[in-house]
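Here's model20.cif, which has mmCIF, C-alpha atoms:
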data_model
#
loop_
_atom_site.group_PDB
_atom_site.id
_atom_site.type_symbol
_atom_site.label_atom_id
_atom_site.label_comp_id
_atom_site.auth_asym_id
_atom_site.auth_seq_id
_atom_site.Cartn_x
_atom_site.Cartn_y
_atom_site.Cartn_z
ATOM 1 C CA MET B 651 14.548 80.775 23.463
ATOM 2 C CA LYS B 652 17.623 79.224 21.881
ATOM 3 C CA SER B 653 17.066 77.146 18.774
ATOM 4 C CA LEU B 654 17.604 73.426 19.275
ATOM 5 C CA PHE B 655 20.165 73.486 16.451
ATOM 6 C CA SER B 656 22.044 76.524 17.725
ATOM 7 C CA GLN B 657 25.653 75.865 18.722
ATOM 8 C CA ASP B 658 24.939 77.552 22.059
ATOM 9 C CA HIS B 659 22.046 75.231 22.911
ATOM 10 C CA PRO B 660 22.943 73.070 25.961
ATOM 11 C CA LEU B 661 22.083 69.852 24.134
ATOM 12 C CA ILE B 662 24.265 70.733 21.131
ATOM 13 C CA ARG B 663 27.094 71.778 23.426
ATOM 14 C CA PHE B 664 26.821 68.481 25.316
ATOM 15 C CA LEU B 665 26.802 66.443 22.101
ATOM 16 C CA THR B 666 29.781 68.415 20.791
ATOM 17 C CA LEU B 667 31.652 67.763 24.011
ATOM 18 C CA LEU B 668 30.816 64.061 23.834
ATOM 19 C CA CYS B 669 31.998 63.838 20.208
ATOM 20 C CA ASN B 670 35.228 65.646 21.050
ATOM 21 C CA LEU B 671 35.854 63.309 23.975
ATOM 22 C CA MET B 672 35.241 60.301 21.752
ATOM 23 C CA LEU B 673 37.754 61.649 19.213
ATOM 24 C CA VAL B 674 40.340 62.265 21.929
ATOM 25 C CA ASN B 675 39.639 58.815 23.351
ATOM 26 C CA LEU B 676 40.153 57.171 19.962
ATOM 27 C CA CYS B 677 43.422 59.036 19.369
ATOM 28 C CA PHE B 678 44.565 58.136 22.868
ATOM 29 C CA LEU B 679 43.858 54.425 22.504
ATOM 30 C CA LEU B 680 45.501 54.232 19.075
ATOM 31 C CA THR B 681 48.671 56.017 20.180
ATOM 32 C CA CYS B 682 49.207 54.241 23.500
ATOM 33 C CA VAL B 683 49.038 50.688 22.146
ATOM 34 C CA PRO B 684 52.831 50.296 22.543
ATOM 35 C CA ILE B 685 53.312 50.699 26.286
ATOM 36 C CA PHE B 686 56.302 53.025 25.886
ATOM 37 C CA THR B 687 54.152 55.656 24.107
ATOM 38 C CA ILE B 688 51.551 55.978 26.891
ATOM 39 C CA GLY B 689 53.265 59.001 28.426
ATOM 40 C CA ALA B 690 53.219 60.901 25.125
ATOM 41 C CA ALA B 691 49.593 59.883 24.605
ATOM 42 C CA ILE B 692 48.586 61.193 28.049
ATOM 43 C CA SER B 693 50.339 64.495 27.417
ATOM 44 C CA ALA B 694 48.691 64.866 24.000
ATOM 45 C CA ALA B 695 45.286 63.989 25.449
ATOM 46 C CA TYR B 696 45.663 66.713 28.079
ATOM 47 C CA ALA B 697 46.596 69.227 25.379
ATOM 48 C CA ALA B 698 43.386 68.379 23.493
ATOM 49 C CA ILE B 699 41.307 68.474 26.687
ATOM 50 C CA PHE B 700 42.695 71.879 27.667
ATOM 51 C CA ALA B 701 41.706 73.097 24.206
ATOM 52 C CA ILE B 702 38.197 71.704 24.683
ATOM 53 C CA LEU B 703 37.871 73.419 28.063
ATOM 54 C CA ARG B 704 39.087 76.803 26.852
ATOM 55 C CA GLU B 705 38.075 76.973 23.176
ATOM 56 C CA LYS B 706 34.576 76.998 21.724
ATOM 57 C CA ASP B 707 35.154 74.565 18.869
ATOM 58 C CA PRO B 708 38.748 73.264 18.752
ATOM 59 C CA SER B 709 40.063 70.827 16.178
ATOM 60 C CA VAL B 710 40.876 68.209 18.781
ATOM 61 C CA VAL B 711 42.538 65.728 16.425
ATOM 62 C CA ALA B 712 44.887 68.402 15.076
ATOM 63 C CA VAL B 713 45.696 69.607 18.604
ATOM 64 C CA TYR B 714 46.291 66.034 19.753
ATOM 65 C CA LEU B 715 48.616 65.097 16.887
ATOM 66 C CA ARG B 716 50.540 68.367 17.138
ATOM 67 C CA ALA B 717 51.114 67.861 20.882
ATOM 68 C CA LEU B 718 52.047 64.205 20.330
ATOM 69 C CA ARG B 719 54.778 65.142 17.865
ATOM 70 C CA LYS B 720 56.028 68.045 19.962
ATOM 71 C CA ASN B 721 56.268 66.249 23.306
ATOM 72 C CA PHE B 722 56.898 62.669 22.231
ATOM 73 C CA LYS B 723 60.581 62.491 23.204
ATOM 74 C CA THR B 724 60.281 64.314 26.543
ATOM 75 C CA ALA B 725 57.107 62.467 27.559
ATOM 76 C CA THR B 726 58.572 59.063 26.669
ATOM 77 C CA LEU B 727 61.824 59.720 28.549
ATOM 78 C CA LEU B 728 59.708 60.722 31.543
ATOM 79 C CA TRP B 729 57.204 57.871 31.295
ATOM 80 C CA LEU B 730 59.635 54.941 31.069
ATOM 81 C CA PRO B 731 61.484 55.509 34.391
ATOM 82 C CA LEU B 732 58.197 56.339 36.128
ATOM 83 C CA LEU B 733 56.725 53.093 34.810
ATOM 84 C CA ALA B 734 59.798 51.172 35.982
ATOM 85 C CA LEU B 735 59.475 52.694 39.463
ATOM 86 C CA LEU B 736 55.775 51.824 39.605
ATOM 87 C CA ALA B 737 56.585 48.237 38.635
ATOM 88 C CA PHE B 738 59.295 48.114 41.319
ATOM 89 C CA PHE B 739 56.956 49.344 44.075
ATOM 90 C CA ALA B 740 54.186 47.029 42.853
ATOM 91 C CA ALA B 741 56.616 44.121 43.205
ATOM 92 C CA ASP B 742 57.502 45.309 46.714
ATOM 93 C CA LEU B 743 53.834 45.397 47.713
ATOM 94 C CA TYR B 744 53.306 41.936 46.246
ATOM 95 C CA VAL B 745 56.156 40.574 48.361
ATOM 96 C CA ILE B 746 54.817 42.318 51.478
ATOM 97 C CA TYR B 747 51.244 41.080 51.032
ATOM 98 C CA VAL B 748 51.844 37.609 49.568
ATOM 99 C CA VAL B 749 55.354 36.341 50.177
ATOM 100 C CA ILE B 750 56.601 37.419 53.611
ATOM 101 C CA ASP B 751 55.038 36.858 57.015
ATOM 102 C CA PRO B 752 52.032 39.121 57.896
ATOM 103 C CA GLN B 753 53.887 40.472 60.929
ATOM 104 C CA TYR B 754 55.994 42.556 58.517
ATOM 105 C CA ARG B 755 52.985 44.319 56.980
ATOM 106 C CA LEU B 756 54.134 47.626 58.476
ATOM 107 C CA LEU B 757 56.778 47.671 55.746
ATOM 108 C CA GLN B 758 54.006 48.682 53.361
ATOM 109 C CA ILE B 759 53.759 52.163 54.900
ATOM 110 C CA PRO B 760 56.968 53.651 53.396
ATOM 111 C CA VAL B 761 56.216 51.893 50.110
ATOM 112 C CA TRP B 762 52.751 53.469 49.900
ATOM 113 C CA ILE B 763 54.265 56.869 50.713
ATOM 114 C CA PHE B 764 56.681 56.486 47.800
ATOM 115 C CA VAL B 765 53.843 55.317 45.554
ATOM 116 C CA PHE B 766 51.740 58.351 46.480
ATOM 117 C CA CYS B 767 54.658 60.719 45.756
ATOM 118 C CA LEU B 768 55.291 58.987 42.444
ATOM 119 C CA LEU B 769 51.629 59.183 41.448
ATOM 120 C CA SER B 770 51.555 62.849 42.465
ATOM 121 C CA VAL B 771 54.423 63.609 40.102
ATOM 122 C CA MET B 772 52.749 61.659 37.294
ATOM 123 C CA ILE B 773 49.451 63.485 37.839
ATOM 124 C CA TYR B 774 51.041 66.903 37.230
ATOM 125 C CA ALA B 775 54.001 66.170 34.952
ATOM 126 C CA PHE B 776 52.154 65.184 31.780
ATOM 127 C CA PRO B 777 49.567 68.000 31.858
ATOM 128 C CA LEU B 778 52.411 70.433 32.635
ATOM 129 C CA LEU B 779 54.199 69.179 29.547
ATOM 130 C CA ALA B 780 51.009 69.668 27.542
ATOM 131 C CA ARG B 781 50.659 73.303 28.635
ATOM 132 C CA TYR B 782 54.222 74.586 28.990
ATOM 133 C CA ASP B 783 57.607 74.278 27.306
ATOM 134 C CA THR B 784 59.834 72.819 29.999
ATOM 135 C CA THR B 785 62.758 70.454 30.424
ATOM 136 C CA GLY B 786 62.711 67.055 32.079
ATOM 137 C CA LYS B 787 64.378 68.050 35.366
ATOM 138 C CA GLN B 788 62.370 71.255 35.683
ATOM 139 C CA LEU B 789 59.231 69.360 34.763
ATOM 140 C CA ILE B 790 59.656 66.916 37.659
ATOM 141 C CA GLN B 791 60.475 69.715 40.096
ATOM 142 C CA ASN B 792 57.426 71.741 39.078
ATOM 143 C CA ALA B 793 55.188 68.664 39.237
ATOM 144 C CA LEU B 794 56.380 67.845 42.756
ATOM 145 C CA LEU B 795 55.992 71.456 43.957
ATOM 146 C CA LEU B 796 52.491 71.752 42.496
ATOM 147 C CA SER B 797 51.434 68.446 44.012
ATOM 148 C CA LEU B 798 52.551 69.640 47.453
ATOM 149 C CA ALA B 799 51.036 73.112 47.029
ATOM 150 C CA ASN B 800 47.667 71.681 45.937
ATOM 151 C CA VAL B 801 47.204 68.692 48.217
ATOM 152 C CA PRO B 802 43.356 68.587 47.996
ATOM 153 C CA THR B 803 43.488 68.400 44.187
ATOM 154 C CA THR B 804 46.276 65.835 44.307
ATOM 155 C CA VAL B 805 44.430 63.623 46.792
ATOM 156 C CA PHE B 806 41.163 63.957 44.855
ATOM 157 C CA ILE B 807 42.758 62.780 41.606
ATOM 158 C CA VAL B 808 44.633 59.911 43.280
ATOM 159 C CA VAL B 809 41.416 58.781 44.988
ATOM 160 C CA LEU B 810 39.463 59.158 41.729
ATOM 161 C CA TYR B 811 41.841 56.838 39.881
ATOM 162 C CA GLY B 812 41.874 54.488 42.842
ATOM 163 C CA VAL B 813 38.075 54.262 42.865
ATOM 164 C CA VAL B 814 37.981 53.622 39.110
ATOM 165 C CA PHE B 815 40.472 50.770 39.357
ATOM 166 C CA TRP B 816 38.802 49.382 42.479
ATOM 167 C CA VAL B 817 35.390 49.334 40.800
ATOM 168 C CA ALA B 818 36.861 47.754 37.665
ATOM 169 C CA GLY B 819 38.547 45.028 39.696
ATOM 170 C CA SER B 820 35.632 44.297 42.024
ATOM 171 C CA SER B 821 33.821 41.981 39.592
ATOM 172 C CA LEU B 822 33.930 40.719 36.024
ATOM 173 C CA LEU B 823 30.716 42.617 35.211
ATOM 174 C CA ASN B 824 32.160 45.878 36.468
ATOM 175 C CA LEU B 825 35.361 45.207 34.547
ATOM 176 C CA ALA B 826 33.399 44.641 31.338
ATOM 177 C CA VAL B 827 31.405 47.839 31.865
ATOM 178 C CA MET B 828 34.511 49.910 32.606
ATOM 179 C CA VAL B 829 36.378 48.511 29.605
ATOM 180 C CA THR B 830 33.397 49.245 27.351
ATOM 181 C CA LEU B 831 33.155 52.812 28.609
ATOM 182 C CA GLY B 832 36.907 53.187 28.284
ATOM 183 C CA VAL B 833 36.864 52.098 24.656
ATOM 184 C CA PHE B 834 34.244 54.677 23.692
ATOM 185 C CA PHE B 835 35.000 57.764 25.768
ATOM 186 C CA GLY B 836 35.847 56.764 29.341
ATOM 187 C CA CYS B 837 39.615 57.356 29.210
ATOM 188 C CA ALA B 838 39.170 60.851 27.796
ATOM 189 C CA ALA B 839 36.323 61.600 30.212
ATOM 190 C CA LEU B 840 38.495 60.626 33.185
ATOM 191 C CA LEU B 841 41.351 62.794 31.914
ATOM 192 C CA ALA B 842 38.874 65.616 31.286
ATOM 193 C CA ILE B 843 37.683 65.537 34.917
ATOM 194 C CA CYS B 844 41.275 65.672 36.105
ATOM 195 C CA GLY B 845 42.133 68.274 33.475
ATOM 196 C CA PHE B 846 39.359 70.571 34.685
ATOM 197 C CA PHE B 847 40.871 70.758 38.170
ATOM 198 C CA LEU B 848 44.479 70.800 36.953
ATOM 199 C CA LEU B 849 43.778 73.681 34.590
ATOM 200 C CA ARG B 850 42.397 75.681 37.500
ATOM 201 C CA VAL B 851 45.604 74.944 39.435
ATOM 202 C CA PHE B 852 47.741 76.111 36.513
ATOM 203 C CA GLU B 853 45.705 79.280 36.016
ATOM 204 C CA ARG B 854 45.868 80.153 39.732
ATOM 205 C CA THR B 855 49.637 79.624 39.673
ATOM 206 C CA GLU B 856 50.000 81.801 36.575
ATOM 207 C CA ALA B 857 47.908 84.541 38.162
ATOM 208 C CA ALA B 858 49.988 84.424 41.343
ATOM 209 C CA GLN B 859 53.220 84.658 39.339
ATOM 210 C CA LYS B 860 51.919 87.702 37.444
ATOM 211 C CA GLN B 861 51.095 89.461 40.713
ATOM 212 C CA ASP B 862 54.619 88.817 41.981
#

Using structure tokens, write down the structure that the file contains.
Amino acid sequence: MKSLFSQDHPLIRFLTLLCNLMLVNLCFLLTCVPIFTIGAAISAAYAAIFAILREKDPSVVAVYLRALRKNFKTATLLWLPLLALLAFFAADLYVIYVVIDPQYRLLQIPVWIFVFCLLSVMIYAFPLLARYDTTGKQLIQNALLLSLANVPTTVFIVVLYGVVFWVAGSSLLNLAVMVTLGVFFGCAALLAICGFFLLRVFERTEAAQKQD
């Protein structure tokens, strides 16, 4: 029987994981306070989460800060135009749903298609940047190709984020609960769930490339 205080005990491993997620969450919240740094913060958070998933006892703060410094410029230059595009499509949807006549609601279809493609790129681009050394143009191309080659994973992550935001916006109580969880470990936990599936995608792709 494993000792309760052994590092391999399930309870200790769970508590270690929770502490690491809380540290990543704290670093994430502190470094994404200016909106323009959110992309770099996401990339750094994925780097720390990948370390948690693949290493027994990583120094998550050191991994996070190292990735933040390394990828800050590329991630920021990627994040700002993506954010601008999201704001543009959000404004389009607002006009379609609120301003113009309901008979033109079919106009939302191409907008939602563009939004889904944009979210797909965002889902893969920042974790790709966390794992590989790549340029901006190549990064976007690889993110788009991976999103199309792994549609179930892409749809799952988009739906997961959609459910989280829907639950948060469904009532003030739910919003308060989600914000509270997000402050403590929720942001990192959400990225960790996505990171688990994304890491499997990356490893399958790497294995396929080695066979070729």

### Message
Around (44.2, 75.3, 35.0), as given in the file, which residues come within 12 Å? Count only C-alpha atoms and list them as an MDAnalysis selection string.
### Response
chainID B and resid 696:697 699:701 703:704 774 777:778 780:782 796 803 842:857

### Within 8 Å of Phe835 in chain B using all atoms listed in the file, minus same-chain residues under 2 positions, as an MDAnalysis selection string
chainID B and resid 668 671:672 674:676 831:833 837:839

Would you mind exporting C-alpha atoms of the selected residues as a CSV table (one decimal), in the frame of the given file?
chain,number,residue,atom,x,y,z
B,668,LEU,CA,30.8,64.1,23.8
B,671,LEU,CA,35.9,63.3,24.0
B,672,MET,CA,35.2,60.3,21.8
B,674,VAL,CA,40.3,62.3,21.9
B,675,ASN,CA,39.6,58.8,23.4
B,676,LEU,CA,40.2,57.2,20.0
B,831,LEU,CA,33.2,52.8,28.6
B,832,GLY,CA,36.9,53.2,28.3
B,833,VAL,CA,36.9,52.1,24.7
B,837,CYS,CA,39.6,57.4,29.2
B,838,ALA,CA,39.2,60.9,27.8
B,839,ALA,CA,36.3,61.6,30.2

Name the residues that the PyMOL selection byres ((chain B and resi 785-788) around 10) picks from the file above, as a PDB file with C-alpha atoms, keeping the file's coordinate frame, using the file's chain letters and numbers.
ATOM      1  CA  THR B 724      60.281  64.314  26.543  1.00  0.00           C
ATOM      2  CA  ALA B 725      57.107  62.467  27.559  1.00  0.00           C
ATOM      3  CA  LEU B 727      61.824  59.720  28.549  1.00  0.00           C
ATOM      4  CA  LEU B 728      59.708  60.722  31.543  1.00  0.00           C
ATOM      5  CA  ALA B 775      54.001  66.170  34.952  1.00  0.00           C
ATOM      6  CA  LEU B 779      54.199  69.179  29.547  1.00  0.00           C
ATOM      7  CA  TYR B 782      54.222  74.586  28.990  1.00  0.00           C
ATOM      8  CA  ASP B 783      57.607  74.278  27.306  1.00  0.00           C
ATOM      9  CA  THR B 784      59.834  72.819  29.999  1.00  0.00           C
ATOM     10  CA  LEU B 789      59.231  69.360  34.763  1.00  0.00           C
ATOM     11  CA  ILE B 790      59.656  66.916  37.659  1.00  0.00           C
ATOM     12  CA  GLN B 791      60.475  69.715  40.096  1.00  0.00           C
ATOM     13  CA  ASN B 792      57.426  71.741  39.078  1.00  0.00           C
ATOM     14  CA  ALA B 793      55.188  68.664  39.237  1.00  0.00           C
ATOM     15  CA  LEU B 794      56.380  67.845  42.756  1.00  0.00           C
TER      16      LEU B 794
END

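Reported to one decimal place, the separation of CA of Cys682 in chain B from CA of Leu715 in chain B is 12.7 Å.
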
### Task
Could you give me, as a PyMOL selection string, the residues within 8 Å of range 751-766 of chain B, counting only C-alpha atoms and dropping anything in the same chain fewer than 6 positions from it?
chain B and resi 736+739+742-743+808

### Query
Of the candidates B:Ala799, B:Ile662, B:Ala818, B:Ala691, which shows the shortest atom-to-atom distance to Lys723 in chain B, using all atoms listed in the file?
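The answer is B:Ala691, which sits nearest to Lys723 in chain B.
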
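We find CA of Ala694 in chain B and CA of Thr666 in chain B to be spaced 19.5 Å apart.
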
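Rounded to one decimal, CA of Leu768 in chain B and CA of Tyr744 in chain B lie 17.6 Å from each other.
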
### Query
Hey, which of B:Leu733, B:Ile702, B:Val817, B:Val745 ends up closest to Thr687 in chain B? Count only C-alpha atoms.
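The closest residue to Thr687 in chain B is B:Leu733.
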
Edge lengths and centre in Å to one decimal, as lines of an AutoDock Vina configuration file, is what I'm after for the box along x, y and z that holds all listed atoms of range 738-750 of chain B once 4 Å is added on each side.
center_x = 55.3
center_y = 42.8
center_z = 47.5
size_x = 16.1
size_y = 21.0
size_z = 20.3

### Query
For Thr804 in chain B, which of B:Ser709, B:Ser770, B:Thr726, B:Gln859 is the closest residue, counting only C-alpha atoms?
B:Ser770

Written coordinates, C-alpha atoms of range 774-836 of chain B as a PDB file, in the first residue's frame:
ATOM      1  CA  TYR B 774      -4.335  25.660 -32.194  1.00  0.00           C
ATOM      2  CA  ALA B 775      -2.077  28.662 -32.802  1.00  0.00           C
ATOM      3  CA  PHE B 776      -1.155  29.521 -29.216  1.00  0.00           C
ATOM      4  CA  PRO B 777      -0.468  25.945 -28.047  1.00  0.00           C
ATOM      5  CA  LEU B 778       1.539  25.405 -31.254  1.00  0.00           C
ATOM      6  CA  LEU B 779       3.605  28.443 -30.359  1.00  0.00           C
ATOM      7  CA  ALA B 780       4.105  27.032 -26.867  1.00  0.00           C
ATOM      8  CA  ARG B 781       5.420  23.711 -28.195  1.00  0.00           C
ATOM      9  CA  TYR B 782       7.294  24.585 -31.388  1.00  0.00           C
ATOM     10  CA  ASP B 783       9.556  27.289 -32.787  1.00  0.00           C
ATOM     11  CA  THR B 784       7.624  28.652 -35.745  1.00  0.00           C
ATOM     12  CA  THR B 785       6.988  31.895 -37.590  1.00  0.00           C
ATOM     13  CA  GLY B 786       3.746  33.835 -37.727  1.00  0.00           C
ATOM     14  CA  LYS B 787       2.681  32.828 -41.252  1.00  0.00           C
ATOM     15  CA  GLN B 788       3.654  29.193 -40.758  1.00  0.00           C
ATOM     16  CA  LEU B 789       1.963  29.216 -37.377  1.00  0.00           C
ATOM     17  CA  ILE B 790      -1.388  30.253 -38.874  1.00  0.00           C
ATOM     18  CA  GLN B 791      -1.079  27.725 -41.695  1.00  0.00           C
ATOM     19  CA  ASN B 792      -0.281  24.881 -39.303  1.00  0.00           C
ATOM     20  CA  ALA B 793      -3.107  25.905 -36.965  1.00  0.00           C
ATOM     21  CA  LEU B 794      -5.616  25.918 -39.825  1.00  0.00           C
ATOM     22  CA  LEU B 795      -4.404  22.555 -41.186  1.00  0.00           C
ATOM     23  CA  LEU B 796      -4.520  20.923 -37.751  1.00  0.00           C
ATOM     24  CA  SER B 797      -7.988  22.285 -37.073  1.00  0.00           C
ATOM     25  CA  LEU B 798      -9.246  20.770 -40.334  1.00  0.00           C
ATOM     26  CA  ALA B 799      -7.407  17.472 -39.816  1.00  0.00           C
ATOM     27  CA  ASN B 800      -8.781  17.080 -36.274  1.00  0.00           C
ATOM     28  CA  VAL B 801     -12.368  18.258 -36.590  1.00  0.00           C
ATOM     29  CA  PRO B 802     -13.724  16.291 -33.564  1.00  0.00           C
ATOM     30  CA  THR B 803     -11.127  17.870 -31.256  1.00  0.00           C
ATOM     31  CA  THR B 804     -11.723  21.297 -32.762  1.00  0.00           C
ATOM     32  CA  VAL B 805     -15.499  21.052 -32.371  1.00  0.00           C
ATOM     33  CA  PHE B 806     -15.172  19.691 -28.825  1.00  0.00           C
ATOM     34  CA  ILE B 807     -13.018  22.622 -27.705  1.00  0.00           C
ATOM     35  CA  VAL B 808     -15.228  25.218 -29.416  1.00  0.00           C
ATOM     36  CA  VAL B 809     -18.319  23.680 -27.796  1.00  0.00           C
ATOM     37  CA  LEU B 810     -16.547  23.485 -24.420  1.00  0.00           C
ATOM     38  CA  TYR B 811     -15.773  27.207 -24.463  1.00  0.00           C
ATOM     39  CA  GLY B 812     -19.259  27.933 -25.731  1.00  0.00           C
ATOM     40  CA  VAL B 813     -20.841  25.997 -22.861  1.00  0.00           C
ATOM     41  CA  VAL B 814     -18.643  27.773 -20.306  1.00  0.00           C
ATOM     42  CA  PHE B 815     -19.613  31.207 -21.597  1.00  0.00           C
ATOM     43  CA  TRP B 816     -23.268  30.211 -21.938  1.00  0.00           C
ATOM     44  CA  VAL B 817     -23.407  28.964 -18.347  1.00  0.00           C
ATOM     45  CA  ALA B 818     -21.625  32.090 -17.104  1.00  0.00           C
ATOM     46  CA  GLY B 819     -24.069  34.345 -18.932  1.00  0.00           C
ATOM     47  CA  SER B 820     -27.236  32.451 -18.021  1.00  0.00           C
ATOM     48  CA  SER B 821     -27.627  34.066 -14.586  1.00  0.00           C
ATOM     49  CA  LEU B 822     -25.861  36.355 -12.141  1.00  0.00           C
ATOM     50  CA  LEU B 823     -25.347  33.443  -9.723  1.00  0.00           C
ATOM     51  CA  ASN B 824     -23.698  31.335 -12.395  1.00  0.00           C
ATOM     52  CA  LEU B 825     -21.560  34.296 -13.419  1.00  0.00           C
ATOM     53  CA  ALA B 826     -20.400  34.788  -9.830  1.00  0.00           C
ATOM     54  CA  VAL B 827     -19.572  31.092  -9.475  1.00  0.00           C
ATOM     55  CA  MET B 828     -17.662  30.982 -12.766  1.00  0.00           C
ATOM     56  CA  VAL B 829     -15.713  34.141 -11.945  1.00  0.00           C
ATOM     57  CA  THR B 830     -14.813  32.751  -8.515  1.00  0.00           C
ATOM     58  CA  LEU B 831     -13.613  29.481 -10.010  1.00  0.00           C
ATOM     59  CA  GLY B 832     -11.746  31.387 -12.696  1.00  0.00           C
ATOM     60  CA  VAL B 833      -9.890  33.483 -10.144  1.00  0.00           C
ATOM     61  CA  PHE B 834      -8.632  30.440  -8.245  1.00  0.00           C
ATOM     62  CA  PHE B 835      -7.920  27.790 -10.867  1.00  0.00           C
ATOM     63  CA  GLY B 836     -10.707  27.730 -13.458  1.00  0.00           C
TER      64      GLY B 836
END
